[in-house]
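The next block is structure_17.cif, given as mmCIF, C-alpha atoms.
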```cif
data_final
loop_
_atom_site.group_PDB
_atom_site.id
_atom_site.type_symbol
_atom_site.label_atom_id
_atom_site.label_comp_id
_atom_site.auth_asym_id
_atom_site.auth_seq_id
_atom_site.Cartn_x
_atom_site.Cartn_y
_atom_site.Cartn_z
ATOM 1 C CA MET A 1 -17.906 -8.695 -57.869
ATOM 2 C CA GLU A 2 -17.016 -5.615 -55.840
ATOM 3 C CA PRO A 3 -14.492 -5.624 -52.989
ATOM 4 C CA ILE A 4 -15.351 -4.857 -49.389
ATOM 5 C CA GLU A 5 -13.322 -2.002 -47.918
ATOM 6 C CA ARG A 6 -12.002 -2.450 -44.382
ATOM 7 C CA ALA A 7 -9.266 -1.045 -42.149
ATOM 8 C CA ILE A 8 -7.381 -1.889 -38.968
ATOM 9 C CA PRO A 9 -5.365 0.269 -36.575
ATOM 10 C CA TYR A 10 -1.680 -0.475 -36.133
ATOM 11 C CA TRP A 11 0.957 0.928 -33.792
ATOM 12 C CA LEU A 12 4.069 2.615 -35.191
ATOM 13 C CA ALA A 13 6.485 5.234 -33.844
ATOM 14 C CA GLY A 14 4.437 6.163 -30.806
ATOM 15 C CA GLY A 15 1.028 6.402 -32.417
ATOM 16 C CA PHE A 16 -1.812 4.501 -34.035
ATOM 17 C CA HIS A 17 -2.356 4.636 -37.776
ATOM 18 C CA ARG A 18 -4.922 3.260 -40.215
ATOM 19 C CA LEU A 19 -4.126 0.392 -42.578
ATOM 20 C CA ALA A 20 -6.833 0.078 -45.221
ATOM 21 C CA TYR A 21 -7.466 -2.994 -47.329
ATOM 22 C CA THR A 22 -9.972 -4.504 -49.709
ATOM 23 C CA GLU A 23 -11.135 -8.072 -49.395
ATOM 24 C CA TRP A 24 -12.677 -10.459 -51.874
ATOM 25 C CA GLY A 25 -14.326 -13.836 -51.473
ATOM 26 C CA ASP A 26 -15.477 -15.885 -48.495
ATOM 27 C CA PRO A 27 -13.769 -14.901 -45.203
ATOM 28 C CA ALA A 28 -13.908 -18.567 -44.202
ATOM 29 C CA ALA A 29 -11.745 -19.559 -47.183
ATOM 30 C CA GLU A 30 -7.972 -19.826 -47.066
ATOM 31 C CA PRO A 31 -6.444 -16.320 -47.037
ATOM 32 C CA VAL A 32 -4.224 -14.855 -49.740
ATOM 33 C CA LEU A 33 -2.495 -11.550 -48.939
ATOM 34 C CA CYS A 34 -1.591 -9.440 -51.998
ATOM 35 C CA VAL A 35 0.899 -6.605 -51.393
ATOM 36 C CA HIS A 36 1.566 -3.959 -54.036
ATOM 37 C CA GLY A 37 4.615 -2.062 -55.272
ATOM 38 C CA LEU A 38 6.258 1.189 -54.243
ATOM 39 C CA SER A 39 3.850 3.852 -55.526
ATOM 40 C CA ARG A 40 0.808 1.690 -56.103
ATOM 41 C CA THR A 41 -2.256 0.573 -54.089
ATOM 42 C CA GLY A 42 -3.965 -2.679 -53.225
ATOM 43 C CA ARG A 43 -6.473 -2.069 -56.009
ATOM 44 C CA ASP A 44 -3.769 -3.121 -58.492
ATOM 45 C CA PHE A 45 -4.838 -6.672 -57.644
ATOM 46 C CA ASP A 46 -8.524 -6.281 -58.528
ATOM 47 C CA VAL A 47 -8.341 -8.547 -61.581
ATOM 48 C CA LEU A 48 -6.263 -11.217 -59.835
ATOM 49 C CA ALA A 49 -8.430 -11.044 -56.703
ATOM 50 C CA GLN A 50 -11.640 -11.544 -58.681
ATOM 51 C CA ALA A 51 -10.074 -14.544 -60.404
ATOM 52 C CA LEU A 52 -9.093 -16.110 -57.062
ATOM 53 C CA ALA A 53 -12.157 -15.176 -54.997
ATOM 54 C CA ASP A 54 -14.091 -18.369 -55.778
ATOM 55 C CA ARG A 55 -11.378 -20.347 -53.975
ATOM 56 C CA PHE A 56 -9.621 -17.950 -51.588
ATOM 57 C CA HIS A 57 -10.256 -15.052 -49.241
ATOM 58 C CA VAL A 58 -8.136 -12.392 -50.965
ATOM 59 C CA ILE A 59 -6.910 -9.438 -48.886
ATOM 60 C CA CYS A 60 -5.238 -6.479 -50.614
ATOM 61 C CA PRO A 61 -3.842 -3.809 -48.263
ATOM 62 C CA ASP A 62 -2.799 -0.275 -49.114
ATOM 63 C CA LEU A 63 0.680 0.146 -47.654
ATOM 64 C CA PRO A 64 1.138 3.090 -45.250
ATOM 65 C CA GLY A 65 0.870 6.402 -47.069
ATOM 66 C CA ARG A 66 -0.888 4.875 -50.073
ATOM 67 C CA GLY A 67 -4.510 4.631 -51.147
ATOM 68 C CA LEU A 68 -6.925 4.780 -48.228
ATOM 69 C CA SER A 69 -4.295 4.084 -45.564
ATOM 70 C CA SER A 70 -3.266 7.010 -43.375
ATOM 71 C CA TRP A 71 -0.194 9.069 -44.164
ATOM 72 C CA LEU A 72 2.687 8.745 -41.710
ATOM 73 C CA PRO A 73 3.745 11.725 -39.571
ATOM 74 C CA GLN A 74 7.414 11.740 -40.601
ATOM 75 C CA ALA A 75 8.844 11.071 -44.057
ATOM 76 C CA GLU A 76 11.668 8.965 -42.597
ATOM 77 C CA LEU A 77 9.094 6.379 -41.496
ATOM 78 C CA TYR A 78 8.507 5.426 -45.126
ATOM 79 C CA GLN A 79 10.837 2.445 -44.988
ATOM 80 C CA PRO A 80 10.335 -1.317 -45.430
ATOM 81 C CA ALA A 81 10.551 -1.858 -41.655
ATOM 82 C CA SER A 82 7.444 0.310 -41.170
ATOM 83 C CA TYR A 83 5.561 -1.532 -43.897
ATOM 84 C CA VAL A 84 6.417 -4.918 -42.411
ATOM 85 C CA ALA A 85 5.278 -3.678 -38.993
ATOM 86 C CA ALA A 86 1.915 -2.590 -40.418
ATOM 87 C CA LEU A 87 1.521 -5.842 -42.341
ATOM 88 C CA GLY A 88 2.463 -7.768 -39.196
ATOM 89 C CA HIS A 89 -0.561 -6.241 -37.482
ATOM 90 C CA LEU A 90 -2.730 -7.334 -40.394
ATOM 91 C CA LEU A 91 -1.312 -10.862 -40.233
ATOM 92 C CA ALA A 92 -2.138 -10.927 -36.521
ATOM 93 C CA VAL A 93 -5.728 -9.894 -37.266
ATOM 94 C CA ILE A 94 -6.016 -12.603 -39.921
ATOM 95 C CA GLY A 95 -4.702 -15.057 -37.356
ATOM 96 C CA ARG A 96 -4.145 -17.934 -39.800
ATOM 97 C CA ARG A 97 -1.542 -19.277 -42.175
ATOM 98 C CA VAL A 98 -1.589 -17.168 -45.345
ATOM 99 C CA ARG A 99 -0.373 -17.311 -48.909
ATOM 100 C CA TRP A 100 1.456 -14.162 -50.021
ATOM 101 C CA VAL A 101 1.591 -12.450 -53.413
ATOM 102 C CA GLY A 102 4.052 -9.561 -53.464
ATOM 103 C CA THR A 103 4.853 -7.228 -56.356
ATOM 104 C CA SER A 104 8.217 -5.434 -56.142
ATOM 105 C CA LEU A 105 8.206 -3.702 -52.709
ATOM 106 C CA GLY A 106 5.394 -6.034 -51.653
ATOM 107 C CA GLY A 107 7.719 -8.934 -52.419
ATOM 108 C CA ILE A 108 10.529 -7.402 -50.366
ATOM 109 C CA CYS A 109 8.125 -7.153 -47.419
ATOM 110 C CA GLY A 110 7.121 -10.750 -48.069
ATOM 111 C CA MET A 111 10.722 -11.954 -48.014
ATOM 112 C CA VAL A 112 11.333 -10.182 -44.705
ATOM 113 C CA ALA A 113 8.206 -11.725 -43.164
ATOM 114 C CA ALA A 114 8.834 -15.186 -44.646
ATOM 115 C CA ALA A 115 12.388 -15.264 -43.300
ATOM 116 C CA ALA A 116 11.271 -14.518 -39.731
ATOM 117 C CA PRO A 117 10.983 -17.301 -37.142
ATOM 118 C CA GLY A 118 7.400 -18.472 -36.753
ATOM 119 C CA THR A 119 6.282 -16.885 -40.035
ATOM 120 C CA PRO A 120 2.588 -17.427 -40.854
ATOM 121 C CA ILE A 121 3.351 -17.389 -44.596
ATOM 122 C CA SER A 122 2.898 -20.845 -46.098
ATOM 123 C CA ARG A 123 3.526 -20.123 -49.805
ATOM 124 C CA MET A 124 4.759 -17.003 -51.581
ATOM 125 C CA VAL A 125 4.606 -15.524 -55.058
ATOM 126 C CA LEU A 126 7.277 -12.906 -55.788
ATOM 127 C CA ASN A 127 6.325 -10.728 -58.745
ATOM 128 C CA ASP A 128 9.447 -9.378 -60.462
ATOM 129 C CA ILE A 129 11.514 -9.000 -57.316
ATOM 130 C CA GLY A 130 14.387 -10.946 -55.861
ATOM 131 C CA PRO A 131 17.210 -10.727 -53.350
ATOM 132 C CA PHE A 132 19.346 -8.631 -55.709
ATOM 133 C CA VAL A 133 18.260 -5.396 -57.391
ATOM 134 C CA PRO A 134 20.770 -3.379 -59.448
ATOM 135 C CA ALA A 135 21.325 0.283 -58.668
ATOM 136 C CA ALA A 136 20.439 1.287 -62.238
ATOM 137 C CA ALA A 137 16.892 -0.053 -61.854
ATOM 138 C CA LEU A 138 16.470 1.721 -58.532
ATOM 139 C CA ALA A 139 17.671 4.960 -60.133
ATOM 140 C CA ARG A 140 15.034 4.628 -62.871
ATOM 141 C CA ILE A 141 12.297 4.181 -60.266
ATOM 142 C CA ARG A 142 13.619 7.139 -58.259
ATOM 143 C CA ASP A 143 13.483 9.362 -61.325
ATOM 144 C CA TYR A 144 9.815 8.757 -62.113
ATOM 145 C CA ILE A 145 8.550 8.650 -58.529
ATOM 146 C CA GLY A 146 10.096 12.055 -57.912
ATOM 147 C CA GLU A 147 7.948 13.700 -60.574
ATOM 148 C CA LEU A 148 4.813 14.105 -58.364
ATOM 149 C CA PRO A 149 2.599 15.312 -61.237
ATOM 150 C CA HIS A 150 -0.838 16.892 -60.956
ATOM 151 C CA PHE A 151 -3.464 16.187 -63.603
ATOM 152 C CA ALA A 152 -6.328 18.280 -64.923
ATOM 153 C CA ASN A 153 -8.500 15.224 -65.486
ATOM 154 C CA LEU A 154 -8.592 11.428 -65.597
ATOM 155 C CA ALA A 155 -7.489 11.298 -69.227
ATOM 156 C CA ALA A 156 -4.290 13.175 -68.418
ATOM 157 C CA ALA A 157 -3.612 10.852 -65.497
ATOM 158 C CA GLU A 158 -4.156 7.816 -67.691
ATOM 159 C CA ALA A 159 -1.745 9.119 -70.327
ATOM 160 C CA TYR A 160 0.910 9.560 -67.637
ATOM 161 C CA LEU A 161 0.393 6.090 -66.179
ATOM 162 C CA ARG A 162 0.473 4.488 -69.612
ATOM 163 C CA ARG A 163 3.885 6.102 -70.105
ATOM 164 C CA VAL A 164 5.595 5.407 -66.784
ATOM 165 C CA HIS A 165 4.043 1.970 -66.315
ATOM 166 C CA ALA A 166 4.337 0.758 -69.893
ATOM 167 C CA PRO A 167 6.460 -2.181 -68.593
ATOM 168 C CA PHE A 168 3.304 -3.546 -66.890
ATOM 169 C CA GLY A 169 2.493 -5.148 -70.243
ATOM 170 C CA ALA A 170 -0.292 -5.083 -72.839
ATOM 171 C CA LEU A 171 -3.257 -3.968 -70.748
ATOM 172 C CA THR A 172 -6.644 -3.350 -72.337
ATOM 173 C CA ASP A 173 -8.118 0.147 -72.472
ATOM 174 C CA GLY A 174 -10.535 -0.888 -69.729
ATOM 175 C CA GLN A 175 -7.711 -2.127 -67.522
ATOM 176 C CA TRP A 176 -5.735 1.087 -67.962
ATOM 177 C CA ARG A 177 -8.808 3.108 -67.060
ATOM 178 C CA GLN A 178 -9.524 1.002 -63.963
ATOM 179 C CA LEU A 179 -5.879 1.251 -62.924
ATOM 180 C CA THR A 180 -6.007 5.014 -63.378
ATOM 181 C CA GLU A 181 -9.201 5.426 -61.364
ATOM 182 C CA THR A 182 -7.640 3.642 -58.383
ATOM 183 C CA SER A 183 -4.265 5.386 -58.747
ATOM 184 C CA VAL A 184 -5.375 8.990 -58.196
ATOM 185 C CA ARG A 185 -6.904 11.157 -55.485
ATOM 186 C CA ALA A 186 -8.911 14.360 -55.844
ATOM 187 C CA LEU A 187 -7.321 17.714 -55.027
ATOM 188 C CA PRO A 188 -9.160 20.739 -53.578
ATOM 189 C CA ASP A 189 -8.787 22.615 -56.868
ATOM 190 C CA GLY A 190 -10.598 19.858 -58.748
ATOM 191 C CA GLY A 191 -7.456 18.325 -60.200
ATOM 192 C CA LEU A 192 -5.952 14.919 -59.483
ATOM 193 C CA ALA A 193 -2.720 13.632 -57.948
ATOM 194 C CA LEU A 194 -1.258 10.194 -57.518
ATOM 195 C CA HIS A 195 -2.791 8.316 -54.601
ATOM 196 C CA PHE A 196 0.101 8.453 -52.159
ATOM 197 C CA ASP A 197 1.686 10.798 -49.648
ATOM 198 C CA PRO A 198 4.258 12.934 -51.511
ATOM 199 C CA ALA A 199 6.496 12.661 -48.438
ATOM 200 C CA LEU A 200 7.168 8.992 -49.133
ATOM 201 C CA THR A 201 9.450 10.069 -51.987
ATOM 202 C CA GLU A 202 11.800 11.944 -49.631
ATOM 203 C CA PRO A 203 13.805 8.947 -48.333
ATOM 204 C CA ILE A 204 14.062 7.636 -51.903
ATOM 205 C CA LEU A 205 15.327 10.942 -53.311
ATOM 206 C CA ALA A 206 17.694 11.635 -50.415
ATOM 207 C CA GLY A 207 20.284 8.992 -51.215
ATOM 208 C CA THR A 208 22.248 7.660 -54.151
ATOM 209 C CA PRO A 209 20.850 4.323 -55.339
ATOM 210 C CA GLN A 210 23.025 1.341 -54.470
ATOM 211 C CA ASP A 211 22.714 -2.316 -55.415
ATOM 212 C CA MET A 212 20.286 -4.037 -53.040
ATOM 213 C CA ASP A 213 21.635 -7.359 -51.761
ATOM 214 C CA LEU A 214 19.235 -9.493 -49.708
ATOM 215 C CA TRP A 215 20.818 -12.889 -50.363
ATOM 216 C CA PRO A 216 21.377 -13.596 -46.625
ATOM 217 C CA LEU A 217 17.650 -12.972 -46.060
ATOM 218 C CA TRP A 218 16.764 -15.189 -49.008
ATOM 219 C CA ALA A 219 18.821 -18.021 -47.551
ATOM 220 C CA ARG A 220 16.587 -18.119 -44.455
ATOM 221 C CA ILE A 221 13.303 -18.570 -46.367
ATOM 222 C CA GLN A 222 12.109 -22.174 -46.222
ATOM 223 C CA ILE A 223 8.649 -22.123 -47.834
ATOM 224 C CA PRO A 224 7.487 -22.973 -51.378
ATOM 225 C CA MET A 225 7.923 -19.986 -53.696
ATOM 226 C CA LEU A 226 6.995 -18.975 -57.215
ATOM 227 C CA VAL A 227 9.044 -16.189 -58.798
ATOM 228 C CA LEU A 228 7.635 -14.294 -61.773
ATOM 229 C CA ARG A 229 9.894 -12.217 -63.999
ATOM 230 C CA GLY A 230 8.854 -9.810 -66.700
ATOM 231 C CA ALA A 231 10.812 -10.894 -69.761
ATOM 232 C CA GLU A 232 12.218 -7.378 -70.234
ATOM 233 C CA SER A 233 12.645 -6.490 -66.550
ATOM 234 C CA ASP A 234 15.622 -4.352 -65.570
ATOM 235 C CA LEU A 235 14.972 -5.003 -61.873
ATOM 236 C CA LEU A 236 14.946 -8.811 -61.665
ATOM 237 C CA LEU A 237 17.876 -9.832 -63.846
ATOM 238 C CA PRO A 238 18.017 -13.196 -65.652
ATOM 239 C CA GLU A 239 21.057 -14.277 -63.644
ATOM 240 C CA THR A 240 19.280 -13.460 -60.388
ATOM 241 C CA LEU A 241 16.266 -15.508 -61.474
ATOM 242 C CA GLN A 242 18.553 -18.398 -62.382
ATOM 243 C CA GLN A 243 20.067 -18.387 -58.902
ATOM 244 C CA MET A 244 16.631 -18.139 -57.291
ATOM 245 C CA ALA A 245 15.548 -21.193 -59.286
ATOM 246 C CA GLU A 246 17.698 -23.328 -57.001
ATOM 247 C CA LYS A 247 14.947 -23.100 -54.354
ATOM 248 C CA ALA A 248 11.897 -21.646 -56.148
ATOM 249 C CA VAL A 249 9.654 -22.318 -59.120
ATOM 250 C CA THR A 250 10.207 -19.655 -61.772
ATOM 251 C CA HIS A 251 8.100 -18.316 -64.626
ATOM 252 C CA VAL A 252 8.911 -15.645 -67.216
ATOM 253 C CA VAL A 253 5.991 -13.451 -68.290
ATOM 254 C CA PRO A 254 6.406 -12.419 -71.947
ATOM 255 C CA HIS A 255 6.032 -8.941 -73.433
ATOM 256 C CA CYS A 256 6.468 -6.963 -70.209
ATOM 257 C CA GLY A 257 9.115 -5.575 -67.879
ATOM 258 C CA HIS A 258 8.853 -4.422 -64.284
ATOM 259 C CA ALA A 259 6.417 -5.517 -63.139
ATOM 260 C CA PRO A 260 3.839 -7.851 -64.736
ATOM 261 C CA ALA A 261 0.366 -6.459 -64.009
ATOM 262 C CA LEU A 262 -1.070 -9.914 -63.191
ATOM 263 C CA MET A 263 -4.129 -9.122 -65.279
ATOM 264 C CA ASP A 264 -3.710 -11.606 -68.144
ATOM 265 C CA ALA A 265 -5.320 -15.040 -68.023
ATOM 266 C CA PRO A 266 -2.157 -17.115 -68.612
ATOM 267 C CA THR A 267 -0.226 -15.482 -65.754
ATOM 268 C CA ILE A 268 -3.237 -15.624 -63.441
ATOM 269 C CA ALA A 269 -3.491 -19.355 -64.183
ATOM 270 C CA VAL A 270 0.162 -19.846 -63.214
ATOM 271 C CA VAL A 271 -0.328 -17.929 -59.969
ATOM 272 C CA ARG A 272 -3.539 -19.752 -59.100
ATOM 273 C CA GLY A 273 -2.021 -23.151 -59.827
ATOM 274 C CA PHE A 274 0.855 -22.412 -57.464
ATOM 275 C CA LEU A 275 -1.365 -21.022 -54.694
ATOM 276 C CA GLU A 276 -3.591 -24.103 -54.866
ATOM 277 C CA GLY A 277 -0.600 -26.427 -54.495
#
```

Structure translated into structure tokens:
Amino acid sequence: MEPIERAIPYWLAGGFHRLAYTEWGDPAAEPVLCVHGLSRTGRDFDVLAQALADRFHVICPDLPGRGLSSWLPQAELYQPASYVAALGHLLAVIGRRVRWVGTSLGGICGMVAAAAPGTPISRMVLNDIGPFVPAAALARIRDYIGELPHFANLAAAEAYLRRVHAPFGALTDGQWRQLTETSVRALPDGGLALHFDPALTEPILAGTPQDMDLWPLWARIQIPMLVLRGAESDLLLPETLQQMAEKAVTHVVPHCGHAPALMDAPTIAVVRGFLEG
């Protein structure tokens, strides 16, 4: 099954911009919105989306500045508030109650939207993200996202992604290749770069990482939630997961860190079982 590529316009900072997404399955089915991490694209969910498409209408957006979505005019706009605004437009277009799967930054956006009055989110899966993130983990992410490498060919890009995203888990060679193909864009000189606006790194590199504390936001969320944690994650700590378990179902994904790729059958089964609940 191949995804259908679509896009909507959304309004932000005095202008219209393009939010691209891929969709899988029957548009009449119940919608599932899958939102990716910081430097990734909606195509990260291809394997999960194919596994869910017989039951759900799966919608996987590229956040602003990533993938096929338009780049923003000012670097300072690359903030969670802008992403939630863009996703809010997409939720309005969907016009129905939705289930949400959010990896890392996509989970932060999900928590913001789920905590809002009148939220259309009915159930939410948070993939290796919670209301507390230690500064050390944010510093690690800042260090690799600031590299902005260029690659001579796809093999070089794959070698890089295998290194920096080794915590995704034990992916097959085919999965690494598919992930690489959807993670890069062509350059005029024939080389390749990562598939995001380099300017989105500027707000991240400008400051000193601090602990992120969203517990007050978490307290306002009143929907069923499943929280996944990579067993070796440095971003979602065991003690944070334990506290989240007071109001959410939790599941630890073995043999990976931040963040589980959601490509293995056992984890997909856990996610599907929760979404069908």

#### Entry: Result set, the PyMOL selection byres ((chain A and resi 123) around 8) on current file, as a ChimeraX atom specification
/A:98-100,121-122,124-125,223-225,275

### Summary
CA of Ala7 (chain A) to CA of Ile59 (chain A) measures 11.0 Å

### Message
Show me the residues close to (15.9, -17.6, -49.7) - anything with an atom within 12 Å, counting only C-alpha atoms - and format the list as a PyMOL selection string.
### Response
chain A and resi 108+110-116+124+126+130-132+213-227+240-241+243-248

### Query
Between A:Ala13, A:Ala259, A:Leu154, A:Leu235, which is the closest to Asn127 (chain A) once you count all atoms listed in the file?
A:Ala259

### Task
Would you kindly translate the PyMOL selection byres ((chain A and resi 145) around 9) into the concrete residues it picks from this file, as an NGL selection string?
:A and (38-39 or 140-144 or 146-148 or 201 or 204-205)

#### Entry: Residue members of the PyMOL selection byres ((chain A and resi 3) around 10) in the file shown, as JSON, numbers by chain
{"A": [1, 2, 4, 5, 6, 21, 22, 23, 24, 25, 43, 46, 49, 50, 58, 59, 60]}

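If only C-alpha atoms are the atoms counted, then among A:Pro209, A:Pro31, A:Gly230, A:Gly37 the closest residue to Phe56 (chain A) is A:Pro31.
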
### Query
Of the residues A:Ser183, A:Gly42, A:Thr250, A:His57, which is the one nearest to Ala29 (chain A), using only C-alpha atoms?
A:His57

### Query
Suppose you want the space between CA of Ala159 (chain A) and CA of Thr103 (chain A); what is it in Å?
22.5 Å

### Query
Just how far from CA of Leu33 (chain A) is CA of Val184 (chain A), in Å to one decimal?
22.7 Å

Region 3-22 of chain A, all listed atoms, 5 Å padding on each side: what axis-aligned box centre and edge lengths in Å to one decimal come out, as AutoDock Vina command-line options?
```
--center_x -4.4 --center_y 0.4 --center_z -41.9 --size_x 31.8 --size_y 22.0 --size_z 32.2
```

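Between Thr267 (chain A) and the candidates A:Leu187, A:Trp176, A:Ala155, A:Leu228, the tightest atom-to-atom separation, counting only C-alpha atoms, involves A:Leu228.
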
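Distances from A:Trp71, A:Gly118, A:Asp44, A:Ala53 to Glu181 (chain A) were compared using all atoms listed in the file, and the smallest one belongs to A:Asp44.
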
Could you list, as a JSON list (two decimals) with C-alpha atoms, keeping the file's coordinate frame, every residue within 8 Å of region 79-87 of chain A, counting all atoms listed in the file and ignoring same-chain residues fewer than 6 positions away?
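Wrote it out as part.json, contents follow:
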```
[["chain", "number", "residue", "atom", "x", "y", "z"],
["A", 10, "TYR", "CA", -1.68, -0.48, -36.13],
["A", 11, "TRP", "CA", 0.96, 0.93, -33.79],
["A", 12, "LEU", "CA", 4.07, 2.62, -35.19],
["A", 19, "LEU", "CA", -4.13, 0.39, -42.58],
["A", 63, "LEU", "CA", 0.68, 0.15, -47.65],
["A", 64, "PRO", "CA", 1.14, 3.09, -45.25],
["A", 105, "LEU", "CA", 8.21, -3.70, -52.71],
["A", 108, "ILE", "CA", 10.53, -7.40, -50.37],
["A", 109, "CYS", "CA", 8.12, -7.15, -47.42],
["A", 112, "VAL", "CA", 11.33, -10.18, -44.70],
["A", 113, "ALA", "CA", 8.21, -11.72, -43.16],
["A", 203, "PRO", "CA", 13.80, 8.95, -48.33]]
```

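Compared by their closest atoms to Leu194 (chain A), and using only C-alpha atoms, the residues A:Thr41, A:Ala136, A:Gln74, A:Leu237 rank with A:Thr41 nearest.
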
#### Entry: Long-range neighbours of Arg96 (chain A) as a PyMOL selection string, 9 Å cut-off, only C-alpha atoms, 3 positions minimum in chain
chain A and resi 30-31+91-93+120-121

### Message
Taking 5 positions as the minimum chain separation for residues in the same chain, which residues sit within 10 Å of Leu48 (chain A) when counting only C-alpha atoms? Answer as a ChimeraX atom specification.
### Response
/A:34,43,53,58,261-265,267-269,271-272

Selected residues written out with C-alpha atoms, as an mmCIF file, in the frame of the given file:
```cif
data_model
loop_
_atom_site.group_PDB
_atom_site.id
_atom_site.type_symbol
_atom_site.label_atom_id
_atom_site.label_comp_id
_atom_site.auth_asym_id
_atom_site.auth_seq_id
_atom_site.Cartn_x
_atom_site.Cartn_y
_atom_site.Cartn_z
ATOM 1 C CA CYS A 34 -1.591 -9.440 -51.998
ATOM 2 C CA ARG A 43 -6.473 -2.069 -56.009
ATOM 3 C CA ALA A 53 -12.157 -15.176 -54.997
ATOM 4 C CA VAL A 58 -8.136 -12.392 -50.965
ATOM 5 C CA ALA A 261 0.366 -6.459 -64.009
ATOM 6 C CA LEU A 262 -1.070 -9.914 -63.191
ATOM 7 C CA MET A 263 -4.129 -9.122 -65.279
ATOM 8 C CA ASP A 264 -3.710 -11.606 -68.144
ATOM 9 C CA ALA A 265 -5.320 -15.040 -68.023
ATOM 10 C CA THR A 267 -0.226 -15.482 -65.754
ATOM 11 C CA ILE A 268 -3.237 -15.624 -63.441
ATOM 12 C CA ALA A 269 -3.491 -19.355 -64.183
ATOM 13 C CA VAL A 271 -0.328 -17.929 -59.969
ATOM 14 C CA ARG A 272 -3.539 -19.752 -59.100
#
```
